[in-house]
Amino acid sequence: MYFFLAAFQGMLDMHDMRLITLISLLSGQLLAQTTVSNPSGYNNVQCLASSDTIVGVPMRVQGSRTTTLTAAPSIAGGSATLTLATGSLAAGALTNNYLKFKTGYRNGRFYNITGNTTNTVTINLNGDTLSDTGGSVAIGDYVLIAQYWTLNTLLPAVSATTAWTQIPSGSSNYVQNGTAVVASTSSTTNTQVLLPNLAGTGINIAPAGTYFVLNGVWNSTTTGTTDEGNTVLYPDTYVTIRHPSTVTHNTVFSNLGEVEKGYLTIPLTTQATAQQDSSVAIPRPVGVTISALNLAQTGDFVPSIGTATSITSTNLRDILFVFGNTTKALNKAASSSSTTAYYYYQGSWLKVNGGTTSYSSTVIPAGTGMIVRKYKVTGAPTTLWNDPPTY
């Protein structure tokens, strides 16, 4: 499939890339008995000039591997060591990697890999357990090992845009020579990439870090250091590509990689006495309807008690904010005009100030960033949203 993609990439526009994704998915199913390669997909999102573009990363890094557990997990403190059927890992090589359960009691959950031997991996449980009264991780469970995207693998600094070409010459159609990121000439003069603060408390949380390309490497305004290219990007959240007014032409964010075919569990944090935002995106290569997100069906999303004309309505409980990338604006926030707010009421997804019209079948495009705003919950538990594939 990789060669198919390469051969036809130049012949297809953004909408045709969806066809590539679907063909890739289909070929992966048809060839499952004869190849070990994973199906691939491709996604493009236009990044408007003088605007924020908030994007998830629908595909994962190519080269993941799947295997099974051959022993029960060995727990030590906040870590677990898993023995795998494979014996071909390079010891100590799984840096910037994660392990995700594909079957069994923890199906969909992923964990940072902190070390490995040729046939074992050690993961950071991050407060989780692999067994409780409901069940446990067991011998024979399938797991996937994959690399995290980093700034350099997703948006290589050496490939940052420095110029545009007019096609055809003399037209107003400019094509960038490079990636979605426009390199800066000093400090943050051009494109900035903002990462959400996943540990932040409250709503409208400020970003955790701001990054830009200068002199061929990623820099950070947060740390004040250079060569931040290995900064990890998590599969269940988004990044903001900010083009300030100095970027006068649109760019395109492209993501080519493996298609996530299984469940993915996304943690949603809460507070006991106030609302709490979680910055999320789902790694799916095709658009998904709001009802197919599986938020409300599993009880992960608290239904509202009445219709709402504003996001401050006392009728609201949990709120889903979906960012719109066709609206040009900087400093996009959940409460801004560039987002759409949805809530769940009496079995339907409604839009804030949208009356009783159902938006359950509204499609959220691939690579869309979202915020789930959780209502206050006694004890402040973390809700685990298990998102299923729809293909």
# chains A, B, ... in the order shown; residues from 1 in each chain; ligands from 1
call {"tool": "residues_around", "arguments": {"residues": "stretch 198-202 of chain A", "least_positions_apart": "2", "cutoff": "12 Å", "atoms": "only C-alpha atoms", "output": "PyMOL selection string"}}
result
chain A and resi 195-196+204-209+233-234+236-239+266-280+371-376+380
call {"tool": "write_last_selection", "arguments": {"atoms": "C-alpha atoms", "output": "CSV table (one decimal), in the first residue's frame"}}
result
chain,number,residue,atom,x,y,z
A,195,LEU,CA,0.7,21.9,23.0
A,196,PRO,CA,-2.2,21.5,25.5
A,204,ASN,CA,-9.8,27.4,29.2
A,205,ILE,CA,-6.4,26.1,30.3
A,206,ALA,CA,-3.3,27.8,28.9
A,207,PRO,CA,-1.0,25.8,26.7
A,208,ALA,CA,1.8,23.8,28.3
A,209,GLY,CA,4.4,24.8,25.7
A,233,LEU,CA,2.8,14.2,21.0
A,234,TYR,CA,0.2,12.0,22.5
A,236,ASP,CA,-5.4,11.2,22.2
A,237,THR,CA,-5.0,14.9,22.0
A,238,TYR,CA,-4.4,17.7,19.5
A,239,VAL,CA,-1.8,20.4,18.7
A,266,ILE,CA,-9.1,8.5,26.6
A,267,PRO,CA,-9.0,9.7,30.2
A,268,LEU,CA,-11.3,12.6,31.1
A,269,THR,CA,-10.5,14.3,34.3
A,270,THR,CA,-13.0,16.0,36.7
A,271,GLN,CA,-13.1,18.3,39.7
A,272,ALA,CA,-15.3,17.9,42.8
A,273,THR,CA,-16.6,21.5,42.8
A,274,ALA,CA,-16.0,23.0,39.4
A,275,GLN,CA,-15.9,22.2,35.7
A,276,GLN,CA,-12.8,20.6,34.1
A,277,ASP,CA,-11.6,20.7,30.5
A,278,SER,CA,-9.8,17.8,28.7
A,279,SER,CA,-8.1,18.5,25.3
A,280,VAL,CA,-8.8,15.5,23.1
A,371,ILE,CA,-12.6,19.8,24.4
A,372,VAL,CA,-14.7,17.7,26.7
A,373,ARG,CA,-15.8,19.9,29.6
A,374,LYS,CA,-16.8,17.7,32.5
A,375,TYR,CA,-19.3,18.8,35.1
A,376,LYS,CA,-18.3,18.7,38.7
A,380,ALA,CA,-13.2,14.0,41.2
call {"tool": "select_by_dssp", "arguments": {"residues": "stretch 222-357 of chain A", "states": "strand (DSSP E)", "output": "NGL selection string"}}
result
:A and (232-233 or 238-243 or 251-258 or 264-268 or 276-280 or 288-289 or 319-323 or 339-345 or 348-351)
call {"tool": "residues_around", "arguments": {"residues": "A:Val181", "least_positions_apart": "3", "cutoff": "8 Å", "atoms": "only C-alpha atoms", "output": "list in words"}}
result
Leu155, Ala160, Thr161, Gly178, Thr191, Gln192, Val213, Ile241 and Thr251 of chain A
call {"tool": "closest_residue", "arguments": {"among": "A:Tyr111, A:Lys102, A:Arg65, A:Leu154", "to": "A:Gly78", "atoms": "only C-alpha atoms"}}
result
A:Tyr111
call {"tool": "closest_atom_pairs", "arguments": {"of": "stretch 166-282 of chain A", "to": "stretch 37-45 of chain A", "cutoff": "8 Å", "atoms": "only C-alpha atoms", "output": "Markdown table"}}
result
| residue | atom | partner | partner_atom | distance |
| --- | --- | --- | --- | --- |
| A:Val252 | CA | A:Val45 | CA | 5.7 |
| A:Phe253 | CA | A:Val45 | CA | 5.1 |
| A:Ser254 | CA | A:Asn44 | CA | 4.6 |
| A:Asn255 | CA | A:Asn43 | CA | 5.2 |
| A:Leu256 | CA | A:Tyr42 | CA | 4.5 |
| A:Gly257 | CA | A:Ser40 | CA | 5.4 |
| A:Glu258 | CA | A:Ser40 | CA | 4.4 |
| A:Val259 | CA | A:Ser40 | CA | 5.4 |
call {"tool": "write_last_selection", "arguments": {"atoms": "C-alpha atoms", "output": "compact mmCIF listing (two decimals), in the first residue's frame"}}
result
# COMPACT_ATOMS: atom_id res chain seq x y z
CA VAL A 252 -1.30 22.22 4.69
CA PHE A 253 -0.81 19.86 7.62
CA SER A 254 -0.34 16.33 6.25
CA ASN A 255 -0.33 13.11 8.21
CA LEU A 256 0.62 9.79 6.64
CA GLY A 257 0.79 6.72 8.85
CA GLU A 258 -0.82 3.57 10.14
CA VAL A 259 -4.55 3.38 10.75
call {"tool": "atom_distance", "arguments": {"atom1": "atom CA of A:Trp349", "atom2": "atom CA of A:Ile203"}}
result
21.6 Å
call {"tool": "select_by_dssp", "arguments": {"residues": "stretch 99-291 of chain A", "states": "alpha helix (DSSP H)", "output": "ChimeraX atom specification"}}
result
/A:151-154
call {"tool": "write_last_selection", "arguments": {"atoms": "C-alpha atoms", "output": "tab-separated table (two decimals), in the first residue's frame"}}
result
chain	number	residue	atom	x	y	z
A	151	LEU	CA	7.67	17.39	16.81
A	152	ASN	CA	10.49	16.24	14.55
A	153	THR	CA	8.78	13.13	13.19
A	154	LEU	CA	5.43	14.83	12.60
call {"tool": "residues_around", "arguments": {"residues": "A:Arg60", "least_positions_apart": "6", "cutoff": "8 Å", "atoms": "only C-alpha atoms", "output": "ChimeraX atom specification"}}
result
/A:146-149,235,257-260,283
call {"tool": "closest_residue", "arguments": {"among": "A:Tyr359, A:Tyr142, A:Tyr263, A:Tyr344", "to": "A:Gly108", "atoms": "only C-alpha atoms"}}
result
A:Tyr263
call {"tool": "closest_residue", "arguments": {"among": "A:Ser360, A:Asn107, A:Thr339, A:Thr120", "to": "A:Ala93", "atoms": "only C-alpha atoms"}}
result
A:Thr120
call {"tool": "atom_distance", "arguments": {"atom1": "atom CA of A:Thr221", "atom2": "atom CA of A:Ser184"}}
result
12.8 Å
call {"tool": "closest_residue", "arguments": {"among": "A:Ser171, A:Thr122, A:Thr165, A:Ser220", "to": "A:Leu94", "atoms": "only C-alpha atoms"}}
result
A:Thr122
call {"tool": "closest_residue", "arguments": {"among": "A:Gln176, A:Thr86, A:Ser348, A:Thr326", "to": "A:Ser304", "atoms": "only C-alpha atoms"}}
result
A:Ser348
call {"tool": "atom_distance", "arguments": {"atom1": "atom CA of A:Thr309", "atom2": "atom CA of A:Pro381"}}
result
28.4 Å
call {"tool": "decode", "arguments": {"residues": "stretch 236-249 of chain A", "atoms": "all heavy atoms", "output": "JSON list (two decimals), in the first residue's frame"}}
result
[["chain", "number", "residue", "atom", "x", "y", "z"],
["A", 236, "ASP", "N", -4.05, 10.86, 21.84],
["A", 236, "ASP", "CA", -5.44, 11.16, 22.18],
["A", 236, "ASP", "C", -5.70, 12.65, 22.39],
["A", 236, "ASP", "O", -6.67, 13.04, 23.01],
["A", 236, "ASP", "CB", -5.85, 10.39, 23.43],
["A", 236, "ASP", "CG", -4.96, 10.70, 24.65],
["A", 236, "ASP", "OD1", -3.93, 11.38, 24.46],
["A", 236, "ASP", "OD2", -5.31, 10.27, 25.76],
["A", 237, "THR", "N", -4.81, 13.49, 21.86],
["A", 237, "THR", "CA", -5.01, 14.93, 22.02],
["A", 237, "THR", "C", -4.61, 15.64, 20.72],
["A", 237, "THR", "O", -4.28, 15.00, 19.72],
["A", 237, "THR", "CB", -4.22, 15.46, 23.22],
["A", 237, "THR", "OG1", -4.63, 16.81, 23.48],
["A", 237, "THR", "CG2", -2.73, 15.41, 22.98],
["A", 238, "TYR", "N", -4.64, 16.97, 20.75],
["A", 238, "TYR", "CA", -4.38, 17.75, 19.53],
["A", 238, "TYR", "C", -3.19, 18.68, 19.72],
["A", 238, "TYR", "O", -2.64, 18.82, 20.82],
["A", 238, "TYR", "CB", -5.62, 18.57, 19.16],
["A", 238, "TYR", "CG", -6.11, 19.52, 20.23],
["A", 238, "TYR", "CD1", -5.44, 20.72, 20.51],
["A", 238, "TYR", "CD2", -7.26, 19.24, 20.97],
["A", 238, "TYR", "CE1", -5.88, 21.58, 21.50],
["A", 238, "TYR", "CE2", -7.72, 20.11, 21.96],
["A", 238, "TYR", "CZ", -7.02, 21.28, 22.22],
["A", 238, "TYR", "OH", -7.46, 22.14, 23.19],
["A", 239, "VAL", "N", -2.79, 19.30, 18.63],
["A", 239, "VAL", "CA", -1.81, 20.38, 18.66],
["A", 239, "VAL", "C", -2.43, 21.58, 17.96],
["A", 239, "VAL", "O", -3.31, 21.44, 17.12],
["A", 239, "VAL", "CB", -0.48, 20.00, 17.99],
["A", 239, "VAL", "CG1", 0.14, 18.79, 18.66],
["A", 239, "VAL", "CG2", -0.67, 19.74, 16.50],
["A", 240, "THR", "N", -1.96, 22.76, 18.32],
["A", 240, "THR", "CA", -2.42, 23.99, 17.67],
["A", 240, "THR", "C", -1.30, 24.52, 16.80],
["A", 240, "THR", "O", -0.19, 24.79, 17.28],
["A", 240, "THR", "CB", -2.82, 25.06, 18.70],
["A", 240, "THR", "OG1", -3.89, 24.56, 19.50],
["A", 240, "THR", "CG2", -3.26, 26.34, 18.01],
["A", 241, "ILE", "N", -1.58, 24.66, 15.51],
["A", 241, "ILE", "CA", -0.63, 25.25, 14.57],
["A", 241, "ILE", "C", -1.05, 26.70, 14.39],
["A", 241, "ILE", "O", -2.10, 26.99, 13.80],
["A", 241, "ILE", "CB", -0.62, 24.50, 13.23],
["A", 241, "ILE", "CG1", -0.17, 23.05, 13.45],
["A", 241, "ILE", "CG2", 0.29, 25.19, 12.22],
["A", 241, "ILE", "CD1", -0.25, 22.17, 12.22],
["A", 242, "ARG", "N", -0.26, 27.61, 14.94],
["A", 242, "ARG", "CA", -0.61, 29.03, 14.94],
["A", 242, "ARG", "C", 0.19, 29.78, 13.88],
["A", 242, "ARG", "O", 1.42, 29.85, 13.95],
["A", 242, "ARG", "CB", -0.37, 29.64, 16.31],
["A", 242, "ARG", "CG", -0.54, 31.17, 16.37],
["A", 242, "ARG", "CD", -0.57, 31.68, 17.80],
["A", 242, "ARG", "NE", -1.78, 31.20, 18.47],
["A", 242, "ARG", "CZ", -2.02, 31.38, 19.78],
["A", 242, "ARG", "NH1", -1.12, 32.00, 20.53],
["A", 242, "ARG", "NH2", -3.14, 30.93, 20.30],
["A", 243, "HIS", "N", -0.52, 30.35, 12.92],
["A", 243, "HIS", "CA", 0.10, 31.24, 11.94],
["A", 243, "HIS", "C", -0.23, 32.68, 12.34],
["A", 243, "HIS", "O", -1.37, 33.12, 12.16],
["A", 243, "HIS", "CB", -0.46, 30.98, 10.54],
["A", 243, "HIS", "CG", -0.02, 29.70, 9.92],
["A", 243, "HIS", "ND1", 1.14, 29.05, 10.28],
["A", 243, "HIS", "CD2", -0.59, 28.95, 8.94],
["A", 243, "HIS", "CE1", 1.27, 27.95, 9.54],
["A", 243, "HIS", "NE2", 0.24, 27.86, 8.73],
["A", 244, "PRO", "N", 0.71, 33.44, 12.89],
["A", 244, "PRO", "CA", 0.44, 34.84, 13.19],
["A", 244, "PRO", "C", 0.33, 35.65, 11.90],
["A", 244, "PRO", "O", 0.43, 35.10, 10.79],
["A", 244, "PRO", "CB", 1.67, 35.26, 14.02],
["A", 244, "PRO", "CG", 2.74, 34.33, 13.58],
["A", 244, "PRO", "CD", 2.06, 33.03, 13.25],
["A", 245, "SER", "N", 0.14, 36.94, 12.02],
["A", 245, "SER", "CA", -0.10, 37.78, 10.85],
["A", 245, "SER", "C", 1.09, 37.80, 9.89],
["A", 245, "SER", "O", 0.93, 38.15, 8.71],
["A", 245, "SER", "CB", -0.42, 39.21, 11.29],
["A", 245, "SER", "OG", 0.63, 39.75, 12.07],
["A", 246, "THR", "N", 2.27, 37.41, 10.36],
["A", 246, "THR", "CA", 3.44, 37.38, 9.48],
["A", 246, "THR", "C", 3.36, 36.25, 8.46],
["A", 246, "THR", "O", 4.07, 36.27, 7.46],
["A", 246, "THR", "CB", 4.72, 37.21, 10.31],
["A", 246, "THR", "OG1", 4.56, 36.10, 11.19],
["A", 246, "THR", "CG2", 5.00, 38.46, 11.12],
["A", 247, "VAL", "N", 2.52, 35.24, 8.72],
["A", 247, "VAL", "CA", 2.32, 34.15, 7.75],
["A", 247, "VAL", "C", 1.13, 34.55, 6.88],
["A", 247, "VAL", "O", -0.01, 34.55, 7.32],
["A", 247, "VAL", "CB", 2.06, 32.81, 8.45],
["A", 247, "VAL", "CG1", 1.81, 31.71, 7.43],
["A", 247, "VAL", "CG2", 3.23, 32.45, 9.35],
["A", 248, "THR", "N", 1.42, 34.89, 5.64],
["A", 248, "THR", "CA", 0.41, 35.47, 4.76],
["A", 248, "THR", "C", -0.24, 34.48, 3.80],
["A", 248, "THR", "O", -1.13, 34.86, 3.04],
["A", 248, "THR", "CB", 1.02, 36.63, 3.96],
["A", 248, "THR", "OG1", 2.16, 36.13, 3.24],
["A", 248, "THR", "CG2", 1.46, 37.75, 4.88],
["A", 249, "HIS", "N", 0.23, 33.23, 3.79],
["A", 249, "HIS", "CA", -0.36, 32.22, 2.92],
["A", 249, "HIS", "C", -0.75, 31.00, 3.75],
["A", 249, "HIS", "O", -0.13, 30.70, 4.77],
["A", 249, "HIS", "CB", 0.62, 31.78, 1.83],
["A", 249, "HIS", "CG", 1.11, 32.91, 0.97],
["A", 249, "HIS", "ND1", 0.26, 33.72, 0.24],
["A", 249, "HIS", "CD2", 2.36, 33.38, 0.73],
["A", 249, "HIS", "CE1", 0.96, 34.62, -0.42],
["A", 249, "HIS", "NE2", 2.25, 34.43, -0.13]]
